Amino acid sequence: MVYTQIILSQNIGKFKTNLHELLHFGFGRGGGEAGRDMKQIFDTHAHYDNRAFREDRHALLEQLPERGVGLVLCPGCDVKSSQESVKLADRYDYIYAAVGIHPHDAAGVPSGYLAALEALTFHPKVRALGEMGLDYHYDHSPRDVQRRVFREQMRLAEKLHMPVIVHDREAHADCLEIVKEFSAVKGVYHCYSGSAEEAKVLVKLGYHLSFTGAVTFKNARRALEAIAVVPMERLMIETDAPLHGAGATSGQAL
Ligand SMILES: [Zn+2]
Ligand SMILES: [Zn+2]
């Protein structure tokens with residue numbers, strides 16, 4: 001229990017550095033946020049466009065700063081949700097957006113999606129492309145289509161010099177192979193579920209690794225082993241809302 005608390009508090013502590021780093025050197029295209037309160041948490045991955053929030057979305061979002069969340073990055077899952085993320089970023093100064101196609105949605109992607117995503121990146125609060133990647137757990141899209149759409153978005157990131165948010169579920173080898181093809185592209189593996197060995201490889205490639213509240217669950221040993229090999233300046237935290245709770249609130253804490 002103590003170990004988990006230390007990991008989490010270190011994680012959150014380091015996160016303040018990442019907030020600065022990402023906004024100015026990674027997710028940033030000009031900065032200007034240096035005066036923000038660094039004591040607050042930057043939730044680097046939360047889907048506040050999701051329909052799960054349809055009842056209370058704006059009531060909830062308005063409360064975030066007073067509840068200690070100073071910044072949020074809201075990634076897109078398809079063209080429509082990317083547009084919705086940008087709208088939220090437009091409305092709230094503490095929300096930033098990423099635009100991309102989730103592997104679940106790769107099969108249904110419209111033919112002009114890359115141009116649509118690129119157009120959205122001209123909005124000043126779009127700071128990354130994503131989420132994108134491979135999900136062989138659910139296989140909602142055929143795997144060859146997932147790989148094609150992932151590669152196409154990586155190529156766009158290379159062209160636009162933008163960081164990426166990678167979703168990798170039970171597809172570690174293929175995901176790594178594609179990431180290695182685009183050595184100029186950097187970003188974050190969100191909700192990291194790979195091994196400590198792969199974490200070391202990703203760090204060498206220049207990636208950040210992000211962890212959810214799932215690190216507080218009883219069976220989180222693998223995640224803690226991965227966290228232990230990642231330099232603090234490469235660790236990030238996220239809620240992946242509405243998907244993940246923390247052990248402390250779900251009753252599953254160590
Ligand atoms: Zn994801
Ligand atoms: Zn997500």
# chains A, B, ... in the order shown; residues from 1 in each chain; ligands from 1
>>> residues_near_ligand(ligand="ligand 2", cutoff="9 Å", atoms="only C-alpha atoms and all ligand atoms", output="list in words")
His45, Ala46, His47, Cys74, Pro75, Gly76, Cys77, His102, Gly130, Glu131, Ile165, His167, His190, Cys191, Thr239, Asp240, Ala241, Pro242 and Leu243 of chain A
>>> write_last_selection(atoms="C-alpha atoms", output="compact mmCIF listing (two decimals), in the first residue's frame")
# COMPACT_ATOMS: atom_id res chain seq x y z
CA HIS A 45 -6.39 11.71 -21.36
CA ALA A 46 -10.11 12.13 -20.66
CA HIS A 47 -13.02 11.69 -23.06
CA CYS A 74 -9.45 15.44 -24.55
CA PRO A 75 -8.54 13.03 -27.37
CA GLY A 76 -10.74 12.20 -30.34
CA CYS A 77 -11.94 8.71 -31.30
CA HIS A 102 -9.40 5.10 -32.39
CA GLY A 130 -4.88 10.66 -31.37
CA GLU A 131 -5.93 8.54 -30.07
CA ILE A 165 -1.39 9.48 -28.42
CA HIS A 167 -3.65 3.15 -27.81
CA HIS A 190 -1.64 5.96 -22.98
CA CYS A 191 -3.08 3.52 -20.41
CA THR A 239 -8.19 9.10 -15.98
CA ASP A 240 -9.22 7.87 -19.46
CA ALA A 241 -12.63 9.04 -18.23
CA PRO A 242 -15.27 7.71 -18.36
CA LEU A 243 -13.48 4.35 -18.39
>>> select_by_dssp(residues="stretch 11-205 of chain A", states="alpha helix (DSSP H)", output="JSON, numbers by chain")
{"A": [11, 12, 13, 14, 15, 16, 17, 18, 19, 20, 21, 57, 58, 59, 60, 61, 62, 63, 79, 80, 81, 82, 83, 84, 85, 86, 87, 88, 89, 90, 91, 113, 114, 115, 116, 117, 118, 119, 120, 143, 144, 145, 146, 147, 148, 149, 150, 151, 152, 153, 154, 155, 156, 157, 158, 159, 160, 172, 173, 174, 175, 176, 177, 178, 179, 180, 181, 196, 197, 198, 199, 200, 201, 202, 203, 204]}
>>> write_last_selection(atoms="C-alpha atoms", output="PDB file, in the first residue's frame")
ATOM      1  CA  ASN A  11       3.789  10.170 -10.446  1.00  0.00           C
ATOM      2  CA  ILE A  12       1.594  13.138  -9.729  1.00  0.00           C
ATOM      3  CA  GLY A  13       4.565  15.172  -8.550  1.00  0.00           C
ATOM      4  CA  LYS A  14       6.433  14.497 -11.749  1.00  0.00           C
ATOM      5  CA  PHE A  15       3.371  15.183 -13.709  1.00  0.00           C
ATOM      6  CA  LYS A  16       3.666  18.842 -12.890  1.00  0.00           C
ATOM      7  CA  THR A  17       6.939  18.828 -14.757  1.00  0.00           C
ATOM      8  CA  ASN A  18       5.345  17.026 -17.648  1.00  0.00           C
ATOM      9  CA  LEU A  19       2.627  19.611 -17.790  1.00  0.00           C
ATOM     10  CA  HIS A  20       5.262  22.225 -18.406  1.00  0.00           C
ATOM     11  CA  GLU A  21       7.288  20.063 -20.747  1.00  0.00           C
ATOM     12  CA  ARG A  57     -21.064  17.319 -18.898  1.00  0.00           C
ATOM     13  CA  HIS A  58     -20.941  21.062 -18.396  1.00  0.00           C
ATOM     14  CA  ALA A  59     -21.784  20.992 -14.683  1.00  0.00           C
ATOM     15  CA  LEU A  60     -18.864  18.592 -14.228  1.00  0.00           C
ATOM     16  CA  LEU A  61     -16.401  20.438 -16.440  1.00  0.00           C
ATOM     17  CA  GLU A  62     -17.074  23.753 -14.755  1.00  0.00           C
ATOM     18  CA  GLN A  63     -16.071  22.198 -11.402  1.00  0.00           C
ATOM     19  CA  VAL A  79     -13.917  12.560 -36.842  1.00  0.00           C
ATOM     20  CA  LYS A  80     -17.096  13.562 -34.992  1.00  0.00           C
ATOM     21  CA  SER A  81     -15.651  13.069 -31.506  1.00  0.00           C
ATOM     22  CA  SER A  82     -12.511  14.945 -32.605  1.00  0.00           C
ATOM     23  CA  GLN A  83     -14.746  17.854 -33.616  1.00  0.00           C
ATOM     24  CA  GLU A  84     -16.537  17.626 -30.256  1.00  0.00           C
ATOM     25  CA  SER A  85     -13.194  17.641 -28.398  1.00  0.00           C
ATOM     26  CA  VAL A  86     -12.187  20.804 -30.243  1.00  0.00           C
ATOM     27  CA  LYS A  87     -15.528  22.386 -29.290  1.00  0.00           C
ATOM     28  CA  LEU A  88     -14.853  21.624 -25.614  1.00  0.00           C
ATOM     29  CA  ALA A  89     -11.367  23.112 -25.944  1.00  0.00           C
ATOM     30  CA  ASP A  90     -12.956  26.188 -27.456  1.00  0.00           C
ATOM     31  CA  ARG A  91     -15.363  26.559 -24.547  1.00  0.00           C
ATOM     32  CA  TYR A 113     -10.742  11.577 -42.748  1.00  0.00           C
ATOM     33  CA  LEU A 114      -7.066  12.551 -42.947  1.00  0.00           C
ATOM     34  CA  ALA A 115      -7.922  15.917 -44.508  1.00  0.00           C
ATOM     35  CA  ALA A 116     -10.646  16.413 -41.875  1.00  0.00           C
ATOM     36  CA  LEU A 117      -8.167  15.693 -39.045  1.00  0.00           C
ATOM     37  CA  GLU A 118      -5.523  17.929 -40.585  1.00  0.00           C
ATOM     38  CA  ALA A 119      -8.006  20.802 -40.874  1.00  0.00           C
ATOM     39  CA  LEU A 120      -8.832  20.433 -37.170  1.00  0.00           C
ATOM     40  CA  ARG A 143      -6.631  -5.918 -37.794  1.00  0.00           C
ATOM     41  CA  ASP A 144      -5.285  -5.036 -41.257  1.00  0.00           C
ATOM     42  CA  VAL A 145      -7.601  -1.993 -41.332  1.00  0.00           C
ATOM     43  CA  GLN A 146      -6.461  -0.988 -37.833  1.00  0.00           C
ATOM     44  CA  ARG A 147      -2.821  -1.147 -38.962  1.00  0.00           C
ATOM     45  CA  ARG A 148      -3.488   0.858 -42.132  1.00  0.00           C
ATOM     46  CA  VAL A 149      -5.370   3.634 -40.332  1.00  0.00           C
ATOM     47  CA  PHE A 150      -2.711   3.748 -37.597  1.00  0.00           C
ATOM     48  CA  ARG A 151       0.084   4.074 -40.197  1.00  0.00           C
ATOM     49  CA  GLU A 152      -1.813   6.772 -42.101  1.00  0.00           C
ATOM     50  CA  GLN A 153      -2.191   8.843 -38.930  1.00  0.00           C
ATOM     51  CA  MET A 154       1.473   8.338 -37.999  1.00  0.00           C
ATOM     52  CA  ARG A 155       2.390   9.624 -41.463  1.00  0.00           C
ATOM     53  CA  LEU A 156       0.188  12.674 -40.857  1.00  0.00           C
ATOM     54  CA  ALA A 157       1.896  13.274 -37.503  1.00  0.00           C
ATOM     55  CA  GLU A 158       5.273  13.074 -39.237  1.00  0.00           C
ATOM     56  CA  LYS A 159       4.148  15.616 -41.826  1.00  0.00           C
ATOM     57  CA  LEU A 160       2.643  18.009 -39.261  1.00  0.00           C
ATOM     58  CA  HIS A 172       2.272  -4.793 -28.370  1.00  0.00           C
ATOM     59  CA  ALA A 173       4.482  -6.298 -31.095  1.00  0.00           C
ATOM     60  CA  ASP A 174       2.583  -4.834 -34.056  1.00  0.00           C
ATOM     61  CA  CYS A 175       2.206  -1.466 -32.342  1.00  0.00           C
ATOM     62  CA  LEU A 176       5.918  -1.249 -31.665  1.00  0.00           C
ATOM     63  CA  GLU A 177       6.742  -2.247 -35.234  1.00  0.00           C
ATOM     64  CA  ILE A 178       4.620   0.615 -36.609  1.00  0.00           C
ATOM     65  CA  VAL A 179       5.927   3.156 -34.092  1.00  0.00           C
ATOM     66  CA  LYS A 180       9.504   2.227 -35.093  1.00  0.00           C
ATOM     67  CA  GLU A 181       8.722   2.959 -38.747  1.00  0.00           C
ATOM     68  CA  ALA A 196       8.766  -3.341 -18.284  1.00  0.00           C
ATOM     69  CA  GLU A 197      11.064  -4.531 -21.095  1.00  0.00           C
ATOM     70  CA  GLU A 198       8.938  -2.881 -23.751  1.00  0.00           C
ATOM     71  CA  ALA A 199       8.654   0.241 -21.609  1.00  0.00           C
ATOM     72  CA  LYS A 200      12.453   0.558 -21.747  1.00  0.00           C
ATOM     73  CA  VAL A 201      12.367   0.311 -25.547  1.00  0.00           C
ATOM     74  CA  LEU A 202       9.667   2.981 -25.799  1.00  0.00           C
ATOM     75  CA  VAL A 203      11.590   5.321 -23.518  1.00  0.00           C
ATOM     76  CA  LYS A 204      14.625   4.901 -25.793  1.00  0.00           C
TER      77      LYS A 204
END
>>> closest_residue(among="A:Gly112, A:Pro124, A:Gly133, A:Gly187", to="ligand 1", atoms="only C-alpha atoms and all ligand atoms")
A:Gly133
>>> select_by_dssp(residues="stretch 145-197 of chain A", states="strand (DSSP E)", output="count of residues only")
10
>>> closest_residue(among="A:Leu129, A:Ile41, A:Val215, A:Ala228", to="A:Val185", atoms="only C-alpha atoms")
A:Leu129
>>> atom_distance(atom1="atom CA of A:Ala171", atom2="atom CA of A:Leu134")
6.0 Å
>>> closest_residue(among="A:Leu73, A:Ala223, A:Ala184, A:Val166", to="ligand 1", atoms="only C-alpha atoms and all ligand atoms")
A:Val166
>>> atom_distance(atom1="atom CA of A:Arg127", atom2="atom CA of A:Val164")
9.1 Å
>>> atom_distance(atom1="atom 1 (Zn, counted along the ligand's line) of ligand 1", atom2="atom CA of A:Glu170")
11.8 Å
>>> closest_residue(among="A:Asn50, A:Ser195, A:Thr121, A:Ser111", to="A:Leu209", atoms="only C-alpha atoms")
A:Ser195
>>> closest_residue(among="A:Phe122, A:Phe211, A:Tyr94, A:Phe42", to="ligand 1", atoms="only C-alpha atoms and all ligand atoms")
A:Phe211
